$ cat upload.cif   # mmCIF, C-alpha atoms
data_final
#
loop_
_atom_site.label_atom_id
_atom_site.label_comp_id
_atom_site.auth_asym_id
_atom_site.auth_seq_id
_atom_site.Cartn_x
_atom_site.Cartn_y
_atom_site.Cartn_z
CA MET A 11 114.77 -13.89 -52.16
CA ILE A 12 115.84 -10.62 -53.74
CA ILE A 13 113.62 -8.87 -56.25
CA THR A 14 115.61 -6.56 -58.51
CA GLU A 15 112.66 -4.52 -59.75
CA ALA A 16 108.95 -3.94 -59.29
CA HIS A 17 106.81 -3.66 -62.40
CA LEU A 18 103.46 -1.92 -61.99
CA ILE A 19 100.98 -2.67 -64.77
CA TYR A 20 97.56 -1.02 -64.79
CA PHE A 21 94.54 -0.08 -66.88
CA SER A 22 92.84 2.92 -65.29
CA PRO A 23 90.55 5.22 -67.30
CA THR A 24 89.30 7.07 -64.19
CA HIS A 25 92.55 6.71 -62.19
CA THR A 26 91.20 4.53 -59.37
CA SER A 27 93.27 1.47 -60.31
CA LYS A 28 96.31 3.70 -60.81
CA GLN A 29 95.99 5.14 -57.28
CA VAL A 30 95.71 1.71 -55.70
CA GLY A 31 98.61 0.32 -57.72
CA GLU A 32 100.93 3.21 -56.90
CA ALA A 33 100.14 2.87 -53.19
CA ILE A 34 100.94 -0.85 -53.26
CA VAL A 35 104.24 -0.26 -55.02
CA HIS A 36 105.09 2.48 -52.51
CA GLY A 37 104.43 0.00 -49.71
CA THR A 38 106.88 -2.52 -51.17
CA GLY A 39 109.67 0.00 -50.76
CA ALA A 40 111.02 -0.91 -54.19
CA THR A 41 113.51 1.63 -55.53
CA ASN A 42 113.60 0.37 -59.11
CA VAL A 43 110.00 0.69 -60.32
CA LEU A 44 108.91 0.28 -63.93
CA THR A 45 105.38 1.35 -64.87
CA THR A 46 103.30 0.15 -67.80
CA ASP A 47 100.09 2.10 -68.34
CA LEU A 48 97.73 0.19 -70.63
CA THR A 49 94.95 2.78 -70.46
CA LEU A 50 95.38 4.72 -73.66
CA LYS A 51 97.19 2.28 -75.93
CA PRO A 52 98.56 -1.26 -76.06
CA VAL A 53 102.24 -1.93 -75.51
CA GLU A 54 104.66 -3.84 -77.68
CA GLU A 55 105.38 -7.40 -76.62
CA MET A 56 107.43 -7.60 -73.45
CA GLU A 57 108.69 -10.39 -71.22
CA LEU A 58 109.28 -9.84 -67.50
CA PRO A 59 112.17 -11.69 -65.87
CA THR A 60 111.90 -14.09 -62.95
CA SER A 61 113.74 -11.56 -60.78
CA ALA A 62 110.96 -8.96 -61.17
CA LEU A 63 107.87 -8.54 -59.02
CA ALA A 64 104.81 -7.70 -61.09
CA ILE A 65 101.75 -5.91 -59.71
CA VAL A 66 98.76 -5.93 -62.04
CA VAL A 67 95.80 -3.67 -61.22
CA VAL A 68 92.65 -3.53 -63.36
CA PRO A 69 89.05 -2.31 -62.99
CA VAL A 70 85.95 -4.49 -62.92
CA TYR A 71 83.18 -3.81 -65.45
CA GLY A 72 79.94 -5.69 -64.84
CA GLY A 73 81.57 -8.34 -62.68
CA HIS A 74 84.39 -9.04 -65.14
CA VAL A 75 87.85 -7.65 -65.79
CA ALA A 76 87.48 -4.75 -68.22
CA PRO A 77 87.72 -6.51 -71.63
CA LEU A 78 90.07 -3.89 -73.05
CA ALA A 79 92.41 -4.41 -70.10
CA MET A 80 92.54 -8.14 -70.81
CA GLU A 81 93.16 -7.47 -74.48
CA ARG A 82 96.08 -5.13 -73.74
CA LEU A 83 97.59 -7.50 -71.19
CA GLU A 84 98.03 -10.09 -73.96
CA ASN A 85 101.38 -8.62 -74.99
CA ILE A 86 102.91 -8.94 -71.51
CA ARG A 87 104.39 -12.28 -70.56
CA GLY A 88 106.32 -13.59 -67.59
CA THR A 89 109.03 -16.20 -67.09
CA ASP A 90 107.60 -17.69 -63.89
CA THR A 91 107.52 -14.06 -62.72
CA PRO A 92 105.89 -13.56 -59.28
CA VAL A 93 102.81 -11.36 -59.53
CA ALA A 94 100.23 -9.78 -57.25
CA LEU A 95 96.80 -9.42 -58.87
CA VAL A 96 94.42 -6.63 -57.87
CA VAL A 97 90.92 -5.81 -59.09
CA VAL A 98 89.15 -2.53 -58.34
CA TYR A 99 85.34 -2.51 -58.34
CA GLY A 100 82.62 0.05 -57.73
CA ASN A 101 81.24 -1.28 -54.40
CA ARG A 102 78.71 -3.69 -55.96
CA ALA A 103 80.64 -6.91 -56.62
CA TYR A 104 83.71 -8.11 -58.48
CA GLU A 105 82.13 -11.55 -59.03
CA ASN A 106 84.66 -13.73 -60.89
CA ALA A 107 86.97 -10.94 -62.06
CA LEU A 108 89.88 -11.91 -59.82
CA THR A 109 89.81 -15.59 -60.80
CA GLU A 110 89.47 -14.61 -64.48
CA LEU A 111 92.61 -12.52 -64.18
CA ASP A 112 94.33 -15.36 -62.31
CA ALA A 113 93.65 -17.88 -65.08
CA PHE A 114 94.75 -15.37 -67.71
CA VAL A 115 98.15 -14.51 -66.22
CA LEU A 116 98.96 -18.13 -65.40
CA LEU A 117 98.73 -18.91 -69.09
CA ASN A 118 101.04 -15.97 -69.77
CA GLY A 119 103.86 -17.29 -67.60
CA PHE A 120 103.27 -15.63 -64.23
CA LYS A 121 103.27 -17.10 -60.72
CA VAL A 122 100.47 -15.62 -58.61
CA ILE A 123 101.74 -15.02 -55.06
CA ALA A 124 99.12 -12.54 -53.78
CA GLY A 125 95.76 -11.00 -54.60
CA ALA A 126 93.56 -8.14 -53.49
CA THR A 127 90.20 -6.51 -54.13
CA PHE A 128 89.83 -2.76 -53.66
CA ILE A 129 86.95 -0.33 -54.09
CA GLY A 130 87.05 2.61 -56.47
CA GLU A 131 84.46 5.25 -57.28
CA HIS A 132 82.08 3.69 -59.79
CA SER A 133 82.30 4.94 -63.35
CA TYR A 134 78.59 5.83 -63.20
CA SER A 135 78.91 7.75 -59.92
CA SER A 136 77.80 11.38 -59.97
CA THR A 137 76.90 14.13 -57.52
CA LYS A 138 73.25 13.20 -57.93
CA TYR A 139 73.80 9.45 -57.67
CA PRO A 140 77.02 8.76 -55.72
CA ILE A 141 78.40 5.24 -55.90
CA ALA A 142 81.50 4.68 -53.75
CA ALA A 143 82.24 8.38 -54.21
CA GLY A 144 85.80 9.35 -53.33
CA ARG A 145 87.10 5.78 -53.21
CA PRO A 146 89.86 4.84 -52.91
CA ASP A 147 90.05 7.14 -49.90
CA THR A 148 92.95 7.68 -47.50
CA HIS A 149 92.01 4.54 -45.55
CA ASP A 150 91.96 2.45 -48.73
CA LEU A 151 95.34 3.75 -49.83
CA GLU A 152 96.85 3.06 -46.41
CA LEU A 153 95.59 -0.53 -46.68
CA ALA A 154 97.12 -0.70 -50.17
CA ARG A 155 100.49 0.43 -48.81
CA GLU A 156 100.20 -2.14 -46.01
CA PHE A 157 99.47 -4.83 -48.60
CA GLY A 158 102.63 -3.74 -50.41
CA LYS A 159 104.67 -4.09 -47.20
CA LYS A 160 103.33 -7.60 -46.60
CA LEU A 161 104.11 -8.46 -50.20
CA ARG A 162 107.74 -7.41 -49.72
CA ILE A 163 108.00 -9.42 -46.49
CA LYS A 164 106.66 -12.54 -48.21
CA VAL A 165 109.14 -12.24 -51.06
CA GLU A 166 112.12 -11.58 -48.77
CA ALA A 167 111.20 -14.52 -46.53
CA ALA A 168 111.45 -16.97 -49.44
CA SER A 169 114.88 -18.50 -50.01
CA CYS A 170 114.22 -18.99 -53.74
CA LEU A 171 111.42 -18.93 -56.31
CA GLU A 172 110.43 -22.51 -55.45
CA THR A 173 109.66 -21.53 -51.85
CA LEU A 174 107.79 -18.37 -52.86
CA TYR A 175 104.47 -20.13 -52.63
CA PRO A 176 101.51 -19.31 -54.90
CA VAL A 177 98.06 -18.53 -53.52
CA ASN A 178 94.61 -19.79 -54.38
CA LEU A 179 92.67 -16.61 -55.16
CA ARG A 180 89.37 -18.43 -54.73
CA SER A 181 90.15 -18.43 -50.99
CA ILE A 182 90.25 -14.64 -50.66
CA PRO A 183 87.68 -13.39 -48.11
CA ARG A 184 84.56 -12.02 -49.76
CA PRO A 185 83.19 -8.65 -48.57
CA GLN A 186 79.95 -8.82 -46.62
CA GLN A 187 76.89 -8.18 -48.73
CA PRO A 188 73.53 -7.52 -47.01
CA PHE A 189 70.87 -9.72 -48.59
CA PHE A 190 67.95 -7.30 -48.93
CA PRO A 191 69.75 -4.50 -50.81
CA LEU A 192 71.14 -7.11 -53.21
CA PHE A 193 67.67 -8.63 -53.66
CA ARG A 194 66.17 -5.19 -54.37
CA PHE A 195 68.88 -4.48 -56.90
CA LEU A 196 68.40 -7.76 -58.76
CA ARG A 197 64.61 -7.36 -58.77
CA ARG A 198 64.86 -3.82 -60.16
CA VAL A 199 67.38 -4.85 -62.79
CA ILE A 200 65.02 -7.57 -64.03
CA LYS A 201 62.15 -5.08 -64.08
CA LEU A 202 64.26 -2.54 -65.96
CA ARG A 203 65.29 -5.05 -68.60
CA LYS A 204 61.73 -6.29 -69.08
CA SER A 205 60.50 -2.72 -69.49
CA GLY A 206 62.39 -2.36 -72.76
CA VAL A 207 63.59 1.13 -71.79
CA PRO A 208 66.55 1.88 -74.08
CA LEU A 209 69.82 2.40 -72.22
CA PRO A 210 72.25 5.14 -73.27
CA ARG A 211 75.08 3.79 -75.41
CA THR A 212 77.51 6.62 -74.74
CA PRO A 213 77.97 9.70 -72.55
CA TRP A 214 76.54 12.89 -74.00
CA LEU A 215 76.28 16.64 -73.50
CA ASP A 216 73.07 17.96 -71.94
CA ASP A 217 74.08 21.49 -72.90
CA GLU A 218 76.46 21.67 -75.86
CA SER A 219 77.18 25.33 -75.10
CA LEU A 220 79.17 24.20 -72.05
CA CYS A 221 81.72 22.43 -74.24
CA THR A 222 84.81 24.59 -74.87
CA HIS A 223 86.39 22.03 -77.23
CA CYS A 224 89.47 21.91 -74.98
CA GLY A 225 90.13 18.31 -76.03
CA VAL A 226 90.58 16.90 -72.53
CA CYS A 227 87.96 14.21 -73.18
CA VAL A 228 89.75 13.29 -76.42
CA ARG A 229 93.04 12.77 -74.57
CA HIS A 230 91.45 10.67 -71.82
CA CYS A 231 89.36 8.33 -73.99
CA PRO A 232 91.04 4.87 -74.04
CA VAL A 233 89.53 3.90 -77.40
CA GLY A 234 89.55 7.09 -79.46
CA ALA A 235 85.76 7.37 -79.44
CA ILE A 236 85.90 11.19 -79.35
CA VAL A 237 87.56 13.27 -82.08
CA LYS A 238 89.28 16.60 -81.55
CA GLY A 239 87.07 19.40 -82.91
CA ASP A 240 83.95 17.24 -82.67
CA GLU A 241 83.85 16.70 -78.90
CA VAL A 242 80.06 16.83 -78.75
CA HIS A 243 79.82 13.42 -80.38
CA THR A 244 80.97 9.97 -79.16
CA ASP A 245 81.38 6.94 -81.43
CA ALA A 246 79.01 4.34 -79.96
CA GLU A 247 80.80 1.50 -81.75
CA LYS A 248 84.02 2.29 -79.91
CA CYS A 249 82.76 3.57 -76.53
CA ILE A 250 83.30 1.19 -73.56
CA LYS A 251 81.29 3.34 -71.09
CA CYS A 252 84.31 3.83 -68.81
CA CYS A 253 83.20 7.46 -68.33
CA ALA A 254 86.76 8.78 -68.45
CA CYS A 255 85.42 11.63 -70.58
CA VAL A 256 82.77 12.46 -67.96
CA LYS A 257 85.21 12.41 -65.04
CA SER A 258 87.87 14.44 -66.85
CA CYS A 259 85.62 17.17 -68.31
CA THR A 260 86.71 20.45 -66.72
CA GLN A 261 83.37 22.11 -67.59
CA GLN A 262 81.22 19.21 -66.30
CA ALA A 263 79.61 19.26 -69.70
CA ARG A 264 79.52 15.50 -70.29
CA VAL A 265 77.09 13.17 -68.50
CA TYR A 266 76.19 9.51 -68.47
CA ASP A 267 72.81 9.35 -66.80
CA THR A 268 71.96 5.65 -66.90
CA PRO A 269 69.15 4.03 -64.87
CA PHE A 270 71.74 1.63 -63.46
CA ALA A 271 73.39 4.54 -61.64
CA VAL A 272 70.18 5.10 -59.69
CA LEU A 273 69.93 1.43 -58.73
CA LEU A 274 73.58 1.14 -57.72
CA SER A 275 73.44 4.33 -55.67
CA GLN A 276 70.31 3.27 -53.80
CA CYS A 277 71.10 -0.41 -53.24
CA PHE A 278 74.81 -0.36 -52.37
CA THR A 279 75.18 2.41 -49.83
CA ARG A 280 77.11 0.29 -47.32
CA GLN A 281 80.75 0.72 -48.17
CA LYS A 282 82.73 -2.48 -48.65
CA GLU A 283 86.28 -2.96 -47.43
CA PRO A 284 89.35 -4.10 -49.38
CA LYS A 285 90.33 -7.75 -49.00
CA THR A 286 93.73 -9.37 -49.51
CA ILE A 287 95.36 -12.78 -49.64
CA LEU A 288 99.08 -13.59 -49.45
#

$ encode --input "upload.cif" --output "structure tokens"
Amino acid sequence: MIITEAHLIYFSPTHTSKQVGEAIVHGTGATNVLTTDLTLKPVEEMELPTSALAIVVVPVYGGHVAPLAMERLENIRGTDTPVALVVVYGNRAYENALTELDAFVLLNGFKVIAGATFIGEHSYSSTKYPIAAGRPDTHDLELAREFGKKLRIKVEAASCLETLYPVNLRSIPRPQQPFFPLFRFLRRVIKLRKSGVPLPRTPWLDDESLCTHCGVCVRHCPVGAIVKGDEVHTDAEKCIKCCACVKSCTQQARVYDTPFAVLLSQCFTRQKEPKTIL
């Protein structure tokens, strides 16, 4: 079966999903690549043809596909278009995110022929509390390219769309999770919630004098929660805690020091590996 174009679709506030998606597309060897970046704004309604190969890559927030990513995917439909679904999570767990995405795209006219789970540096990760720091690393990206190669081989081996068989994403291998670190994490989360300690609603500036009002955080915020000229404030009603503003700040002025960062950093030190299914 010949695919005339590859269509990469991603939502990636801190660029981890983007890196994984681009590596997969590179691995497919596709020469005609169309890219739809859903990070900063929704797209107008579009319909992908049957002859396209779609690759959808989204981050996981709290065990679910980032809600804003799902919202912005609504305008993209397929016509029995083959698609590979990829979720990127911060080394804790992706829970049901992949199957949520599967059910969503099936309703939107896609045929799921492959799936993958990759690890990206957690949004809450910092120098003080690293959580999957530096992921995806060179090893991850090589695995992503290899996944892309296998994806191309699967498509080319099919004589037609009917023989390009779908996959059951519930069968994807789960990464190994040591019991005791997970138990400690869950116990501490329960204790934290019972304590009534208020959790920060948005990133903030510890030292406002560090802010140069360059506007980088404004340009990187997916929801317009920061206004040019007033970069020291973040609209809590809009903020999705993606920490794009923290990661992009050239002065390291913005922080998001949540107690969950401490727990994640301490309880999930063993680095998980990407998993795929084709």

$ residues_near_point --input "upload.cif" --point "(94.0, -4.0, -62.8)" --cutoff "12 Å" --atoms "all atoms listed in the file" --output "PyMOL selection string"
chain A and resi 18-23+25-32+46-49+64-71+74-80+82-83+93-99+104+107-108+110-112+115+125-130

$ resolve_selection --input "upload.cif" --expression "the PyMOL selection byres ((chain A and resi 151) around 10)" --output "list in words"
Gln29, Val30, Gly31, Glu32, Ala33, Ile34, Gly37, Phe128, Arg145, Pro146, Asp147, Thr148, His149, Asp150, Glu152, Leu153, Ala154, Arg155, Glu156, Phe157 and Pro284 of chain A

$ resolve_selection --input "upload.cif" --expression "the PyMOL selection byres ((chain A and resi 121) around 7)" --output "MDAnalysis selection string"
chainID A and resid 90:93 116 119:120 122:123 176

$ residues_near_point --input "upload.cif" --point "(74.8, -8.0, -45.0)" --cutoff "12 Å" --atoms "all atoms listed in the file" --output "list in words"
Arg184, Pro185, Gln186, Gln187, Pro188, Phe189, Phe190, Pro191, Leu192, Phe193, Cys277, Phe278, Thr279, Arg280, Gln281 and Lys282 of chain A

$ atom_distance --input "upload.cif" --atom1 "CA of Leu174 (chain A)" --atom2 "CA of Leu63 (chain A)"
11.6 Å

$ resolve_selection --input "upload.cif" --expression "the PyMOL selection byres ((chain A and resi 38) around 8)" --output "JSON, numbers by chain"
{"A": [34, 35, 36, 37, 39, 40, 155, 158, 159, 160, 161, 162]}

$ atom_distance --input "upload.cif" --atom1 "CA of Ile236 (chain A)" --atom2 "CA of Thr222 (chain A)"
14.2 Å

$ closest_residue --input "upload.cif" --among "A:Ala124, A:Cys259, A:Leu50, A:Val199" --to "Gly225 (chain A)" --atoms "all atoms listed in the file"
A:Cys259

$ axis_aligned_box --input "upload.cif" --around "region 109-115 of chain A" --padding-each-side "6 Å" --output "AutoDock Vina command-line options"
--center_x 93.8 --center_y -15.2 --center_z -64.3 --size_x 20.7 --size_y 17.4 --size_z 18.9

$ closest_residue --input "upload.cif" --among "A:Cys170, A:Thr260, A:Asp216, A:Cys255" --to "Val237 (chain A)" --atoms "all atoms listed in the file"
A:Cys255

$ atom_distance --input "upload.cif" --atom1 "CA of Ser205 (chain A)" --atom2 "CA of Val272 (chain A)"
15.8 Å

$ closest_residue --input "upload.cif" --among "A:Asn106, A:Asn118, A:Ala254, A:His223" --to "Ala235 (chain A)" --atoms "all atoms listed in the file"
A:Ala254

$ closest_residue --input "upload.cif" --among "A:Gly234, A:Val207, A:Ala103, A:Pro59" --to "Gly73 (chain A)" --atoms "all atoms listed in the file"
A:Ala103

$ closest_residue --input "upload.cif" --among "A:Glu241, A:Thr212, A:Ala271, A:Lys285" --to "Tyr134 (chain A)" --atoms "all atoms listed in the file"
A:Ala271

$ build_atoms --input "upload.cif" --residues "region 78-101 of chain A" --atoms "N, CA and C atoms" --output "short mmCIF file (atom, residue, chain, number, x, y, z; two decimals), in the coordinates of the input"
data_model
loop_
_atom_site.label_atom_id
_atom_site.label_comp_id
_atom_site.auth_asym_id
_atom_site.auth_seq_id
_atom_site.Cartn_x
_atom_site.Cartn_y
_atom_site.Cartn_z
N LEU A 78 88.95 -4.55 -72.40
CA LEU A 78 90.07 -3.89 -73.05
C LEU A 78 91.36 -4.08 -72.26
N ALA A 79 91.24 -4.15 -70.93
CA ALA A 79 92.41 -4.41 -70.10
C ALA A 79 92.98 -5.80 -70.40
N MET A 80 92.11 -6.78 -70.50
CA MET A 80 92.54 -8.14 -70.81
C MET A 80 93.21 -8.19 -72.18
N GLU A 81 92.61 -7.48 -73.13
CA GLU A 81 93.16 -7.47 -74.48
C GLU A 81 94.58 -6.87 -74.49
N ARG A 82 94.78 -5.80 -73.74
CA ARG A 82 96.08 -5.13 -73.74
C ARG A 82 97.12 -5.83 -72.88
N LEU A 83 96.66 -6.69 -71.98
CA LEU A 83 97.59 -7.50 -71.19
C LEU A 83 98.21 -8.64 -72.00
N GLU A 84 97.59 -8.95 -73.14
CA GLU A 84 98.03 -10.09 -73.96
C GLU A 84 99.51 -10.00 -74.33
N ASN A 85 100.01 -8.78 -74.52
CA ASN A 85 101.38 -8.62 -74.99
C ASN A 85 102.43 -8.71 -73.87
N ILE A 86 101.97 -8.90 -72.64
CA ILE A 86 102.91 -8.94 -71.51
C ILE A 86 103.00 -10.37 -70.98
N ARG A 87 104.19 -10.90 -70.99
CA ARG A 87 104.39 -12.28 -70.56
C ARG A 87 105.43 -12.33 -69.44
N GLY A 88 105.36 -13.38 -68.65
CA GLY A 88 106.32 -13.59 -67.59
C GLY A 88 107.15 -14.82 -67.83
N THR A 89 108.21 -14.98 -67.05
CA THR A 89 109.03 -16.20 -67.09
C THR A 89 109.02 -16.77 -65.66
N ASP A 90 107.85 -17.27 -65.28
CA ASP A 90 107.60 -17.69 -63.89
C ASP A 90 107.75 -16.49 -62.95
N THR A 91 107.37 -15.32 -63.46
CA THR A 91 107.52 -14.06 -62.72
C THR A 91 106.48 -13.97 -61.61
N PRO A 92 106.88 -13.72 -60.36
CA PRO A 92 105.89 -13.56 -59.28
C PRO A 92 105.04 -12.33 -59.52
N VAL A 93 103.74 -12.46 -59.27
CA VAL A 93 102.81 -11.36 -59.53
C VAL A 93 101.76 -11.28 -58.44
N ALA A 94 101.38 -10.05 -58.12
CA ALA A 94 100.23 -9.78 -57.25
C ALA A 94 99.11 -9.24 -58.14
N LEU A 95 97.93 -9.82 -58.03
CA LEU A 95 96.80 -9.42 -58.87
C LEU A 95 95.79 -8.63 -58.04
N VAL A 96 95.34 -7.50 -58.59
CA VAL A 96 94.42 -6.63 -57.87
C VAL A 96 93.29 -6.20 -58.81
N VAL A 97 92.06 -6.34 -58.33
CA VAL A 97 90.92 -5.81 -59.09
C VAL A 97 90.26 -4.70 -58.27
N VAL A 98 89.79 -3.69 -58.97
CA VAL A 98 89.15 -2.53 -58.34
C VAL A 98 87.71 -2.45 -58.85
N TYR A 99 86.75 -2.49 -57.93
CA TYR A 99 85.34 -2.51 -58.34
C TYR A 99 84.56 -1.40 -57.63
N GLY A 100 83.39 -1.11 -58.17
CA GLY A 100 82.62 0.05 -57.73
C GLY A 100 81.64 -0.19 -56.60
N ASN A 101 82.01 -1.05 -55.64
CA ASN A 101 81.24 -1.28 -54.40
C ASN A 101 80.05 -2.21 -54.57
#
